file structure19.cif (mmCIF, C-alpha atoms and all ligand atoms)
data_run
#
loop_
_atom_site.label_atom_id
_atom_site.label_comp_id
_atom_site.auth_asym_id
_atom_site.auth_seq_id
_atom_site.Cartn_x
_atom_site.Cartn_y
_atom_site.Cartn_z
CA MET A 27 9.87 -1.63 2.50
CA TYR A 28 8.06 0.94 0.43
CA PRO A 29 7.50 3.84 0.14
CA ASP A 30 10.90 5.56 -0.06
CA SER A 31 11.45 8.90 1.72
CA LYS A 32 9.78 10.80 -1.13
CA GLY A 33 6.71 8.63 -1.09
CA TYR A 34 7.49 6.41 -4.08
CA TYR A 35 6.56 2.76 -4.56
CA GLY A 36 8.84 1.92 -7.46
CA ARG A 37 7.94 4.57 -10.03
CA TYR A 38 4.49 5.26 -8.54
CA GLY A 39 3.35 7.64 -5.80
CA GLY A 40 4.89 11.01 -4.93
CA LYS A 41 3.31 14.37 -4.13
CA PHE A 42 1.83 16.12 -7.14
CA VAL A 43 0.10 19.00 -5.39
CA PRO A 44 0.02 22.81 -5.47
CA GLU A 45 2.90 24.36 -3.52
CA THR A 46 0.46 25.74 -0.95
CA LEU A 47 -0.31 22.18 0.19
CA ILE A 48 3.30 21.11 0.76
CA PRO A 49 3.61 22.56 4.31
CA ALA A 50 0.43 20.72 5.35
CA LEU A 51 1.73 17.40 4.01
CA GLN A 52 5.10 17.93 5.69
CA GLN A 53 3.34 18.61 8.97
CA ILE A 54 1.44 15.29 8.69
CA GLU A 55 4.62 13.41 7.77
CA LYS A 56 6.43 14.76 10.82
CA ALA A 57 3.54 14.13 13.20
CA TYR A 58 3.00 10.61 11.86
CA ALA A 59 6.69 9.70 12.17
CA LYS A 60 6.47 10.76 15.81
CA ILE A 61 3.36 8.76 16.73
CA GLN A 62 3.91 5.69 14.52
CA HIS A 63 5.96 3.87 17.15
CA ASP A 64 4.79 5.83 20.19
CA PRO A 65 3.42 3.31 22.75
CA GLU A 66 0.98 5.82 24.22
CA PHE A 67 -0.58 6.61 20.82
CA ASN A 68 -0.77 2.95 19.88
CA GLU A 69 -2.39 2.05 23.19
CA GLU A 70 -5.00 4.72 22.69
CA LEU A 71 -5.67 3.51 19.13
CA ALA A 72 -5.88 -0.11 20.33
CA TYR A 73 -8.34 0.94 23.03
CA PHE A 74 -10.71 2.47 20.47
CA MET A 75 -10.25 -0.43 18.03
CA LYS A 76 -11.29 -2.90 20.72
CA ASN A 77 -13.95 -1.08 22.70
CA TYR A 78 -15.45 1.25 20.11
CA VAL A 79 -14.92 -0.34 16.68
CA GLY A 80 -15.41 -3.89 18.02
CA ARG A 81 -12.14 -5.50 16.92
CA GLU A 82 -10.81 -8.04 16.51
CA THR A 83 -13.12 -9.17 13.72
CA PRO A 84 -13.63 -12.94 13.37
CA VAL A 85 -12.26 -15.24 10.69
CA TYR A 86 -15.25 -17.39 9.78
CA PHE A 87 -15.01 -20.69 7.89
CA ALA A 88 -17.85 -20.69 5.34
CA PRO A 89 -18.82 -24.36 4.86
CA ALA A 90 -21.72 -23.98 2.43
CA LEU A 91 -19.91 -21.42 0.29
CA SER A 92 -16.84 -23.69 0.22
CA LYS A 93 -18.92 -26.67 -0.85
CA MET A 94 -20.45 -24.73 -3.70
CA ALA A 95 -17.11 -23.36 -4.87
CA GLY A 96 -15.21 -26.66 -5.10
CA LYS A 97 -12.63 -28.48 -3.01
CA ALA A 98 -10.84 -25.62 -1.25
CA ARG A 99 -11.94 -24.24 2.12
CA ILE A 100 -13.13 -20.63 2.04
CA PHE A 101 -12.94 -18.25 5.02
CA LEU A 102 -14.28 -14.74 5.54
CA LYS A 103 -12.42 -11.98 7.41
CA ARG A 104 -15.43 -10.23 8.88
CA GLU A 105 -14.72 -6.50 8.42
CA ASP A 106 -18.49 -6.14 7.93
CA LEU A 107 -18.86 -6.51 11.71
CA ASN A 108 -16.97 -3.30 12.50
CA HIS A 109 -18.90 -0.33 13.91
CA THR A 110 -20.46 1.59 10.98
CA GLY A 111 -20.35 -1.56 8.86
CA SER A 112 -17.01 -1.63 7.06
CA HIS A 113 -13.23 -1.41 7.28
CA LYS A 114 -13.31 2.37 6.71
CA ILE A 115 -13.48 3.14 10.45
CA ASN A 116 -10.00 1.56 10.98
CA ASN A 117 -8.55 4.45 9.02
CA THR A 118 -10.80 7.30 10.14
CA MET A 119 -10.26 6.53 13.85
CA GLY A 120 -6.50 6.38 13.28
CA GLN A 121 -6.39 9.65 11.37
CA ALA A 122 -8.74 11.38 13.82
CA LEU A 123 -6.47 10.44 16.73
CA LEU A 124 -3.48 11.66 14.70
CA ALA A 125 -5.32 14.95 14.06
CA LYS A 126 -5.88 15.38 17.80
CA ARG A 127 -2.17 14.79 18.43
CA MET A 128 -1.43 17.53 15.89
CA GLY A 129 -3.68 19.86 17.86
CA LYS A 130 -6.30 20.06 15.10
CA GLU A 131 -9.91 20.77 16.01
CA ARG A 132 -11.61 19.96 12.71
CA LEU A 133 -11.72 17.08 10.21
CA ILE A 134 -12.37 17.48 6.49
CA ALA A 135 -13.40 14.55 4.31
CA GLU A 136 -14.36 13.88 0.71
CA THR A 137 -17.05 11.32 0.05
CA GLY A 138 -18.75 9.64 -2.88
CA ALA A 139 -21.34 7.16 -1.71
CA GLY A 140 -21.07 8.59 1.78
CA GLN A 141 -19.47 5.62 3.56
CA HIS A 142 -16.17 7.40 4.21
CA GLY A 143 -18.07 10.56 5.18
CA VAL A 144 -20.07 8.61 7.76
CA ALA A 145 -16.93 6.90 9.13
CA THR A 146 -15.18 10.30 9.45
CA ALA A 147 -18.22 11.96 11.04
CA THR A 148 -18.36 9.07 13.52
CA ALA A 149 -14.69 9.43 14.51
CA ALA A 150 -15.18 13.19 14.85
CA ALA A 151 -18.23 12.71 17.08
CA VAL A 152 -16.57 10.29 19.47
CA LEU A 153 -13.38 12.36 19.74
CA GLY A 154 -15.11 15.74 20.03
CA LEU A 155 -13.83 17.20 16.74
CA LYS A 156 -15.71 19.35 14.24
CA CYS A 157 -16.29 17.80 10.84
CA THR A 158 -17.00 19.01 7.30
CA VAL A 159 -17.75 16.51 4.55
CA HIS A 160 -17.65 17.57 0.89
CA MET A 161 -20.08 15.65 -1.31
CA GLY A 162 -21.32 16.08 -4.88
CA SER A 163 -24.97 17.12 -5.44
CA LYS A 164 -25.67 13.98 -7.41
CA ASP A 165 -24.29 11.73 -4.69
CA MET A 166 -26.24 13.63 -2.02
CA GLU A 167 -29.43 12.89 -3.91
CA ARG A 168 -28.59 9.20 -4.44
CA GLN A 169 -27.35 8.66 -0.89
CA SER A 170 -29.76 10.71 1.17
CA LEU A 171 -29.66 8.23 4.07
CA ASN A 172 -25.90 8.73 4.48
CA VAL A 173 -26.37 12.51 4.30
CA PHE A 174 -28.83 12.17 7.18
CA ARG A 175 -26.43 9.94 9.13
CA MET A 176 -23.55 12.44 8.78
CA ARG A 177 -25.76 15.35 9.87
CA ILE A 178 -27.20 13.54 12.89
CA LEU A 179 -23.58 12.72 13.86
CA GLY A 180 -22.97 16.46 13.95
CA ALA A 181 -21.06 16.91 10.66
CA GLU A 182 -21.60 19.70 8.18
CA VAL A 183 -22.24 18.27 4.70
CA LYS A 184 -21.13 20.73 2.00
CA GLU A 185 -22.80 20.28 -1.36
CA VAL A 186 -20.43 20.37 -4.37
CA LYS A 187 -22.29 21.60 -7.45
CA LYS A 188 -19.28 21.73 -9.77
CA GLY A 189 -18.35 19.38 -12.63
CA SER A 190 -19.83 15.92 -12.51
CA GLN A 191 -21.12 16.59 -8.97
CA THR A 192 -19.60 13.33 -7.74
CA LEU A 193 -16.52 12.08 -5.83
CA LYS A 194 -13.89 13.55 -8.18
CA ASP A 195 -15.19 17.10 -7.67
CA ALA A 196 -15.87 16.57 -3.95
CA THR A 197 -12.20 15.57 -3.55
CA ASN A 198 -11.02 18.75 -5.28
CA GLU A 199 -13.23 20.87 -3.01
CA ALA A 200 -11.97 19.06 0.09
CA PHE A 201 -8.35 19.81 -0.91
CA ARG A 202 -9.29 23.47 -1.48
CA ASP A 203 -10.86 23.66 1.98
CA TYR A 204 -7.76 21.99 3.48
CA ILE A 205 -5.28 24.40 1.87
CA GLN A 206 -7.19 27.32 3.43
CA SER A 207 -7.64 25.80 6.87
CA PHE A 208 -4.81 23.42 7.62
CA ASP A 209 -3.61 25.30 10.68
CA TYR A 210 -6.71 24.02 12.51
CA SER A 211 -8.00 21.23 10.19
CA HIS A 212 -6.86 17.78 9.12
CA MET A 213 -8.02 16.21 5.87
CA VAL A 214 -8.94 12.56 6.29
CA ILE A 215 -8.46 10.77 2.95
CA GLY A 216 -10.57 7.63 2.70
CA SER A 217 -8.34 5.20 0.80
CA VAL A 218 -4.70 4.48 -0.05
CA VAL A 219 -4.75 7.31 -2.60
CA GLY A 220 -3.69 10.96 -2.70
CA PRO A 221 -0.25 12.51 -2.20
CA HIS A 222 2.41 11.06 0.13
CA PRO A 223 2.15 10.39 3.07
CA TYR A 224 -1.56 9.48 2.78
CA PRO A 225 -1.24 6.13 0.93
CA MET A 226 1.30 4.96 3.53
CA ILE A 227 -0.66 6.19 6.57
CA VAL A 228 -3.95 4.70 5.39
CA ARG A 229 -2.25 1.39 4.55
CA ASN A 230 -0.63 1.25 7.97
CA PHE A 231 -3.90 1.93 9.80
CA GLN A 232 -5.70 -0.68 7.67
CA SER A 233 -2.91 -3.25 8.16
CA ILE A 234 -4.58 -4.24 11.40
CA ILE A 235 -6.77 -6.46 9.17
CA GLY A 236 -3.86 -8.50 7.84
CA LYS A 237 -2.02 -8.57 11.17
CA GLU A 238 -5.05 -10.00 12.92
CA LEU A 239 -5.71 -12.45 10.11
CA ARG A 240 -2.15 -13.75 10.23
CA ALA A 241 -2.31 -14.48 13.99
CA GLN A 242 -5.86 -15.86 13.84
CA PHE A 243 -5.16 -18.16 10.91
CA LEU A 244 -1.96 -19.48 12.44
CA GLU A 245 -3.87 -20.24 15.60
CA GLN A 246 -6.91 -21.82 13.91
CA GLU A 247 -5.15 -23.67 11.08
CA GLY A 248 -1.51 -23.86 12.13
CA ARG A 249 -0.33 -22.24 8.89
CA LEU A 250 -0.93 -19.26 6.59
CA PRO A 251 -3.78 -19.19 4.06
CA SER A 252 -2.81 -20.17 0.52
CA HIS A 253 -4.93 -17.42 -1.09
CA ILE A 254 -6.25 -14.00 -0.04
CA VAL A 255 -8.83 -12.15 -2.13
CA ALA A 256 -9.98 -8.54 -1.68
CA CYS A 257 -11.94 -6.01 -3.72
CA VAL A 258 -10.13 -2.87 -4.94
CA GLY A 259 -11.69 0.56 -5.28
CA GLY A 260 -8.97 2.97 -4.15
CA GLY A 261 -7.44 -0.11 -2.56
CA SER A 262 -7.44 0.38 1.22
CA ASN A 263 -9.12 -2.82 2.43
CA ALA A 264 -6.99 -4.82 -0.02
CA MET A 265 -3.73 -3.10 1.02
CA GLY A 266 -4.68 -3.60 4.68
CA VAL A 267 -5.16 -7.34 4.34
CA PHE A 268 -2.31 -7.91 1.82
CA TYR A 269 0.45 -5.86 3.41
CA PRO A 270 1.46 -8.20 6.27
CA PHE A 271 1.64 -11.10 3.76
CA LEU A 272 3.71 -9.50 0.99
CA LYS A 273 6.83 -11.52 1.89
CA ASP A 274 4.99 -14.82 2.33
CA PRO A 275 4.14 -17.48 -0.26
CA VAL A 276 0.47 -16.48 -0.30
CA VAL A 277 -1.38 -15.85 -3.58
CA LEU A 278 -2.81 -12.31 -3.34
CA THR A 279 -5.57 -11.22 -5.71
CA GLY A 280 -7.21 -7.79 -6.01
CA VAL A 281 -10.64 -7.72 -7.62
CA GLU A 282 -11.71 -4.59 -9.50
CA ALA A 283 -15.15 -3.70 -10.80
CA GLY A 284 -15.72 -4.82 -14.38
CA GLY A 285 -19.03 -2.91 -14.40
CA MET A 286 -21.36 -3.59 -17.31
CA GLU A 287 -18.61 -4.50 -19.77
CA ILE A 288 -14.98 -3.63 -20.51
CA VAL A 289 -15.77 -0.64 -22.72
CA ASP A 290 -14.72 2.96 -21.91
CA GLY A 291 -17.13 4.51 -19.43
CA LYS A 292 -18.78 1.25 -18.40
CA HIS A 293 -16.32 -0.15 -15.85
CA CYS A 294 -13.66 0.83 -13.30
CA ALA A 295 -11.01 -1.86 -13.77
CA THR A 296 -8.18 0.65 -13.33
CA LEU A 297 -5.23 -1.74 -13.05
CA SER A 298 -6.39 -4.14 -15.74
CA GLU A 299 -7.36 -1.46 -18.27
CA GLY A 300 -5.80 1.85 -17.20
CA SER A 301 -2.58 3.70 -17.99
CA ASP A 302 0.00 5.83 -16.15
CA GLY A 303 -1.08 9.27 -15.03
CA ILE A 304 -1.61 11.72 -12.18
CA LEU A 305 -4.85 11.95 -10.23
CA HIS A 306 -5.51 13.58 -6.84
CA GLY A 307 -1.86 14.17 -6.04
CA ALA A 308 -0.19 10.87 -6.95
CA PHE A 309 1.36 9.23 -10.00
CA SER A 310 -0.46 5.93 -10.48
CA ARG A 311 -2.64 4.04 -12.97
CA LEU A 312 -5.92 5.59 -14.02
CA LEU A 313 -8.70 5.45 -16.57
CA GLN A 314 -8.20 8.26 -19.08
CA ASP A 315 -8.71 8.94 -22.77
CA GLU A 316 -5.86 9.68 -25.21
CA ASN A 317 -5.91 13.36 -24.19
CA GLY A 318 -5.53 12.58 -20.50
CA GLN A 319 -9.17 13.37 -19.69
CA ILE A 320 -10.52 11.18 -16.89
CA LEU A 321 -13.06 8.70 -18.26
CA ASP A 322 -16.50 8.15 -16.77
CA THR A 323 -16.72 4.99 -14.73
CA HIS A 324 -19.48 2.63 -13.77
CA SER A 325 -19.98 -0.06 -11.18
CA VAL A 326 -23.09 -1.38 -9.45
CA SER A 327 -21.12 -0.80 -6.22
CA ALA A 328 -20.55 2.87 -5.46
CA GLY A 329 -17.44 2.18 -3.36
CA LEU A 330 -15.54 0.74 -6.32
CA ASP A 331 -16.65 3.46 -8.71
CA TYR A 332 -13.38 5.42 -8.88
CA PRO A 333 -11.17 6.06 -11.97
CA GLY A 334 -7.90 5.83 -10.00
CA VAL A 335 -6.16 3.41 -7.66
CA GLY A 336 -3.54 3.67 -4.92
CA PRO A 337 0.11 3.92 -6.08
CA GLU A 338 1.21 0.90 -4.03
CA HIS A 339 -1.23 -1.26 -5.98
CA ALA A 340 0.17 0.12 -9.25
CA TYR A 341 3.60 -0.94 -7.98
CA LEU A 342 2.52 -4.40 -6.81
CA ASN A 343 0.81 -4.93 -10.16
CA GLU A 344 3.95 -4.01 -12.08
CA ALA A 345 6.11 -6.14 -9.77
CA LYS A 346 3.62 -8.98 -10.33
CA ARG A 347 3.37 -9.59 -6.58
CA VAL A 348 -0.40 -9.14 -6.62
CA LYS A 349 -2.66 -10.29 -9.42
CA TYR A 350 -5.49 -7.93 -10.41
CA VAL A 351 -8.64 -9.22 -12.05
CA HIS A 352 -12.14 -7.91 -12.58
CA VAL A 353 -15.64 -9.15 -11.94
CA ASN A 354 -18.71 -7.61 -13.58
CA ASP A 355 -21.95 -6.27 -12.07
CA LYS A 356 -23.92 -9.43 -12.83
CA GLU A 357 -21.37 -11.74 -11.20
CA ALA A 358 -21.18 -9.48 -8.13
CA ILE A 359 -24.97 -9.45 -7.73
CA GLU A 360 -25.06 -13.25 -8.01
CA ALA A 361 -22.36 -13.56 -5.34
CA PHE A 362 -24.31 -11.10 -3.15
CA GLN A 363 -27.32 -13.44 -3.33
CA LYS A 364 -25.28 -16.63 -2.90
CA LEU A 365 -23.45 -15.51 0.25
CA SER A 366 -26.72 -14.28 1.77
CA GLU A 367 -28.57 -17.55 1.07
CA LEU A 368 -25.74 -19.94 1.89
CA GLU A 369 -24.18 -18.31 4.94
CA GLY A 370 -26.72 -15.78 6.22
CA ILE A 371 -24.30 -12.92 5.59
CA ILE A 372 -25.38 -10.06 3.32
CA PRO A 373 -22.15 -8.58 1.95
CA ALA A 374 -21.54 -5.07 0.65
CA LEU A 375 -21.68 -5.05 -3.15
CA GLU A 376 -18.00 -4.09 -3.12
CA SER A 377 -17.10 -7.19 -1.08
CA ALA A 378 -19.39 -9.31 -3.29
CA HIS A 379 -16.86 -8.76 -6.09
CA ALA A 380 -14.25 -10.62 -4.04
CA VAL A 381 -16.75 -13.38 -3.21
CA ALA A 382 -17.57 -13.76 -6.92
CA TYR A 383 -13.91 -14.20 -7.79
CA ALA A 384 -13.39 -16.84 -5.08
CA LEU A 385 -16.34 -18.76 -6.52
CA LYS A 386 -14.87 -18.41 -10.01
CA ILE A 387 -11.47 -19.89 -9.12
CA GLY A 388 -12.98 -22.48 -6.76
CA LYS A 389 -13.03 -25.17 -9.45
CA GLU A 390 -9.28 -24.89 -10.09
CA LEU A 391 -8.23 -25.08 -6.45
CA ASN A 392 -7.14 -28.17 -4.53
CA ALA A 393 -8.44 -29.78 -1.36
CA GLY A 394 -5.55 -28.40 0.72
CA ASP A 395 -6.06 -24.81 -0.43
CA THR A 396 -7.47 -22.20 1.94
CA VAL A 397 -8.93 -18.98 0.59
CA VAL A 398 -9.59 -15.94 2.78
CA ILE A 399 -11.99 -13.37 1.35
CA ASN A 400 -11.70 -9.97 2.98
CA LEU A 401 -15.37 -9.16 3.53
CA SER A 402 -14.88 -5.39 3.57
CA GLY A 403 -18.43 -4.41 4.55
CA ARG A 404 -22.04 -5.35 5.12
CA GLY A 405 -24.72 -5.02 2.48
CA ASP A 406 -27.66 -3.32 4.19
CA LYS A 407 -26.68 -0.08 2.44
CA ASP A 408 -27.05 -1.78 -0.95
CA ALA A 409 -30.62 -3.07 -0.66
CA GLU A 410 -32.10 -0.41 -2.95
CA GLU A 411 -29.38 -0.83 -5.57
CA VAL A 412 -29.90 -4.60 -5.69
CA ILE A 413 -33.71 -4.25 -5.88
CA ARG A 414 -33.26 -1.80 -8.75
CA TYR A 415 -30.80 -4.10 -10.54
CA LEU A 416 -32.88 -7.24 -10.18
CA GLY A 417 -36.09 -5.40 -11.09
CA GLY A 418 -34.45 -4.02 -14.21
CA GLU A 419 -33.14 -7.42 -15.20
CA LYS A 420 -36.60 -8.97 -14.98
CA HIS A 421 -37.83 -6.44 -17.49
CA GLY A 422 -35.13 -7.32 -19.94
CA ASN A 423 -32.25 -4.94 -19.35
C1 LIG A 501 -15.29 2.13 0.38
C2 LIG A 501 -15.44 0.66 0.34
C3 LIG A 501 -14.63 -0.15 -0.48
C4 LIG A 501 -13.63 0.40 -1.45
O1 LIG A 501 -12.58 1.10 -0.87
P1 LIG A 501 -11.09 0.50 -0.77
O2 LIG A 501 -10.29 1.67 -0.38
O3 LIG A 501 -10.74 -0.05 -2.11
O4 LIG A 501 -11.13 -0.56 0.27
C5 LIG A 501 -14.80 -1.52 -0.41
N1 LIG A 501 -15.72 -2.09 0.40
C6 LIG A 501 -16.53 -1.34 1.19
C7 LIG A 501 -17.52 -2.02 2.06
C8 LIG A 501 -16.42 0.05 1.19
O5 LIG A 501 -17.23 0.79 1.97
#

call {"tool": "encode", "arguments": {"input": "structure19.cif", "output": "structure tokens", "more": "lines below"}}
Ligand SMILES: *Cc1c(COP(=O)(O)O)cnc(C)c1O
result
Amino acid sequence: MYPDSKGYYGRYGGKFVPETLIPALQQIEKAYAKIQHDPEFNEELAYFMKNYVGRETPVYFAPALSKMAGKARIFLKREDLNHTGSHKINNTMGQALLAKRMGKERLIAETGAGQHGVATATAAAVLGLKCTVHMGSKDMERQSLNVFRMRILGAEVKEVKKGSQTLKDATNEAFRDYIQSFDYSHMVIGSVVGPHPYPMIVRNFQSIIGKELRAQFLEQEGRLPSHIVACVGGGSNAMGVFYPFLKDPVVLTGVEAGGMEIVDGKHCATLSEGSDGILHGAFSRLLQDENGQILDTHSVSAGLDYPGVGPEHAYLNEAKRVKYVHVNDKEAIEAFQKLSELEGIIPALESAHAVAYALKIGKELNAGDTVVINLSGRGDKDAEEVIRYLGGEKHGN
């Protein structure tokens, strides 16, 4: 299985970082290899997953949603029920425990919308670690509630005033901090992106989603699902649910954000529309212009608003093992409303992209088909964005 010893998934992945960062990455690789199959570490992780995060998360059959979609039965893997409201905590708890094993006393994180920052600050709080979160000025203004949450959890939020003042620049600052402080700090990357070994480590910690789903579905239905659908920003919730099914005859679909329309700057459908390049330490697909400048991106959901994607997804796309599609803002908002009305579950706008796609393909599916949507998070955080969107639409834009 991938990656190879150098961190490659086919031709994608690797470690494209300044030389000063190589010792830090090697240290993580070594420490991770040691704990990966260590019973004591895995017991400790399992303890926190169960008693702190609230796992395992249910697999819920959604009758009304299924009826609306067509003949197939649709299920939801309820990652929205995790502590802090999404799958992100699966990874931050894992990496925080790894950091402790490495003797580190401080976590560093990059954040855009603030969800990963909050999940890292939470893991730091419960494990007694210090925490610094780098966040762009613009994002701090847009996501003031998450800035408050991180600070009340005891984290230091460092404002990044450079460049576009968003996630891309916050990530660069976090790496800079890490290079200077890695003897006592660990950088917690929030998705299956970045240099090796991060995409592998994050995927492995998130694989708990797919492992649980496999056992739960076999028990409830006596077989595997025929389809699994997940939204893709950097790709961690999708990799987590797909990975344990890669060798099975299950149709896997990753749903990217089509934004306003498929025109440069107005979407973030990286795999559908991007090209080969290097971003944040890995060779993958990304959205860039003909000079290699990273394009602006847009999505109504902040968590999908990223111009890159994890290298393993780039590989699975090329190998045609996973199909990647996109859903636009309008379709995602409609799915957000539908799932809320029909099932009493308000999904994150990111997850609503996956719901929208399941509704789209519903008509073509058969009565025996079973679709699992990975419901990556809950939608309370998106109330203002949806009010803004619907208000704007009423007035004609
Ligand atoms: C951050 C986030 C995502 C996107 O990140 P991935 O790494 O692609 O999973 C999706 N859903 C929710 C709820 C998120 O918070």

call {"tool": "residues_around", "arguments": {"input": "structure19.cif", "residues": "A:Glu338", "least_positions_apart": "2", "cutoff": "8 Å", "atoms": "all atoms listed in the file", "output": "MDAnalysis selection string"}}
result
chainID A and resid 35 38:39 218 225 336 340:342

call {"tool": "closest_atom_pairs", "arguments": {"input": "structure19.cif", "of": "chain A", "to": "ligand LIG 501 (chain A)", "cutoff": "9 Å", "atoms": "all atoms listed in the file", "output": "Markdown table"}}
result
| residue | atom | partner | partner_atom | distance |
| --- | --- | --- | --- | --- |
| A:Glu105 | CA | A:LIG501 | C7 | 8.3 |
| A:Asp106 | CA | A:LIG501 | C7 | 7.2 |
| A:Gly111 | CA | A:LIG501 | C7 | 7.4 |
| A:Ser112 | CA | A:LIG501 | C7 | 5.0 |
| A:His113 | CA | A:LIG501 | C7 | 6.8 |
| A:Lys114 | CA | A:LIG501 | O5 | 6.4 |
| A:Gly138 | CA | A:LIG501 | C1 | 8.9 |
| A:Ala139 | CA | A:LIG501 | C1 | 8.1 |
| A:Gly140 | CA | A:LIG501 | O5 | 8.7 |
| A:Gln141 | CA | A:LIG501 | O5 | 5.6 |
| A:His142 | CA | A:LIG501 | C1 | 6.6 |
| A:Gly216 | CA | A:LIG501 | O2 | 6.7 |
| A:Ser217 | CA | A:LIG501 | O2 | 4.2 |
| A:Val218 | CA | A:LIG501 | O2 | 6.3 |
| A:Val219 | CA | A:LIG501 | O2 | 8.2 |
| A:Ala256 | CA | A:LIG501 | O4 | 8.3 |
| A:Cys257 | CA | A:LIG501 | C5 | 6.3 |
| A:Val258 | CA | A:LIG501 | O3 | 4.0 |
| A:Gly259 | CA | A:LIG501 | O3 | 3.4 |
| A:Gly260 | CA | A:LIG501 | O3 | 4.1 |
| A:Gly261 | CA | A:LIG501 | O3 | 3.3 |
| A:Ser262 | CA | A:LIG501 | O2 | 3.5 |
| A:Asn263 | CA | A:LIG501 | O4 | 3.7 |
| A:Ala264 | CA | A:LIG501 | O4 | 5.9 |
| A:Met265 | CA | A:LIG501 | O4 | 7.9 |
| A:Gly266 | CA | A:LIG501 | O4 | 8.4 |
| A:Glu282 | CA | A:LIG501 | O3 | 8.7 |
| A:Ser327 | CA | A:LIG501 | C5 | 8.6 |
| A:Ala328 | CA | A:LIG501 | C1 | 7.9 |
| A:Gly329 | CA | A:LIG501 | C1 | 4.3 |
| A:Leu330 | CA | A:LIG501 | C4 | 5.2 |
| A:Asp331 | CA | A:LIG501 | C4 | 8.4 |
| A:Tyr332 | CA | A:LIG501 | C4 | 9.0 |
| A:Val335 | CA | A:LIG501 | O3 | 8.0 |
| A:Gly336 | CA | A:LIG501 | O2 | 8.4 |
| A:Pro373 | CA | A:LIG501 | C7 | 8.0 |
| A:Ala374 | CA | A:LIG501 | C7 | 5.2 |
| A:Leu375 | CA | A:LIG501 | C7 | 7.3 |
| A:Glu376 | CA | A:LIG501 | N1 | 4.6 |
| A:Ser377 | CA | A:LIG501 | N1 | 5.5 |
| A:Ala378 | CA | A:LIG501 | N1 | 8.9 |
| A:Leu401 | CA | A:LIG501 | C7 | 7.6 |
| A:Ser402 | CA | A:LIG501 | C7 | 4.5 |
| A:Gly403 | CA | A:LIG501 | C7 | 3.6 |
| A:Arg404 | CA | A:LIG501 | C7 | 6.4 |
| A:Gly405 | CA | A:LIG501 | C7 | 7.8 |

call {"tool": "closest_residue", "arguments": {"input": "structure19.cif", "among": "A:His306, A:His222, A:Phe231, A:Pro333", "to": "A:Tyr28", "atoms": "all atoms listed in the file"}}
result
A:His222

call {"tool": "closest_residue", "arguments": {"input": "structure19.cif", "among": "A:Asn392, A:Asp195, A:Asn77, A:Lys103", "to": "A:Lys237", "atoms": "all atoms listed in the file"}}
result
A:Lys103

call {"tool": "residues_around", "arguments": {"input": "structure19.cif", "residues": "A:Asp302", "least_positions_apart": "6", "cutoff": "9 Å", "atoms": "only C-alpha atoms", "output": "ChimeraX atom specification"}}
result
/A:38,309-313,340

call {"tool": "atom_distance", "arguments": {"input": "structure19.cif", "atom1": "atom CA of A:Ala393", "atom2": "atom CA of A:Tyr350"}}
result
23.8 Å

call {"tool": "residues_around", "arguments": {"input": "structure19.cif", "residues": "A:Leu153", "least_positions_apart": "6", "cutoff": "9 Å", "atoms": "only C-alpha atoms", "output": "ChimeraX atom specification"}}
result
/A:119,122-123,126

call {"tool": "write_last_selection", "arguments": {"input": "structure19.cif", "atoms": "C-alpha atoms", "output": "PDB file, in the frame of the given file"}}
result
ATOM      1  CA  MET A 119     -10.260   6.530  13.850  1.00  0.00           C
ATOM      2  CA  ALA A 122      -8.740  11.380  13.820  1.00  0.00           C
ATOM      3  CA  LEU A 123      -6.470  10.440  16.730  1.00  0.00           C
ATOM      4  CA  LYS A 126      -5.880  15.380  17.800  1.00  0.00           C
TER       5      LYS A 126
END

call {"tool": "closest_atom_pairs", "arguments": {"input": "structure19.cif", "of": "stretch 123-191 of chain A", "to": "stretch 42-66 of chain A", "cutoff": "9 Å", "atoms": "only C-alpha atoms", "output": "Markdown table"}}
result
| residue | atom | partner | partner_atom | distance |
| --- | --- | --- | --- | --- |
| A:Leu124 | CA | A:Tyr58 | CA | 7.2 |
| A:Ala125 | CA | A:Ile54 | CA | 8.6 |
| A:Arg127 | CA | A:Ala57 | CA | 7.8 |
| A:Met128 | CA | A:Ala57 | CA | 6.6 |

call {"tool": "residues_near_point", "arguments": {"input": "structure19.cif", "point": "(-13.6, 15.8, 6.3)", "cutoff": "8 Å", "atoms": "all atoms listed in the file", "output": "list in words"}}
result
Arg132, Leu133, Ile134, Ala135, Glu136, Gly143, Thr146, Ala147, Cys157, Thr158, Val159, His160, Ala200, His212, Met213, Val214 and Ile215 of chain A

call {"tool": "closest_residue", "arguments": {"input": "structure19.cif", "among": "A:Ser301, A:Thr118, A:Asn198, A:Gln363", "to": "A:Ala409", "atoms": "only C-alpha atoms"}}
result
A:Gln363

call {"tool": "residues_near_point", "arguments": {"input": "structure19.cif", "point": "(3.2, -16.0, -0.7)", "cutoff": "10 Å", "atoms": "only C-alpha atoms", "output": "list in words"}}
result
Leu250, Pro251, Ser252, His253, Ile254, Phe271, Leu272, Lys273, Asp274, Pro275, Val276, Val277, Leu278, Arg347 and Val348 of chain A

call {"tool": "atom_distance", "arguments": {"input": "structure19.cif", "atom1": "atom CA of A:Gly280", "atom2": "atom CA of A:Ser325"}}
result
15.8 Å

call {"tool": "closest_residue", "arguments": {"input": "structure19.cif", "among": "A:Gly285, A:Asn400, A:Ile413, A:Ser366", "to": "A:His352", "atoms": "all atoms listed in the file"}}
result
A:Gly285

call {"tool": "decode", "arguments": {"input": "structure19.cif", "residues": "stretch 32-38 of chain A", "atoms": "C-alpha atoms", "output": "CSV table (one decimal), in the first residue's frame"}}
result
chain,number,residue,atom,x,y,z
A,32,LYS,CA,9.9,8.4,0.2
A,33,GLY,CA,6.3,9.4,0.7
A,34,TYR,CA,5.1,8.9,-2.9
A,35,TYR,CA,1.6,7.8,-4.1
A,36,GLY,CA,2.4,7.0,-7.7
A,37,ARG,CA,4.0,10.2,-8.9
A,38,TYR,CA,2.4,12.4,-6.3
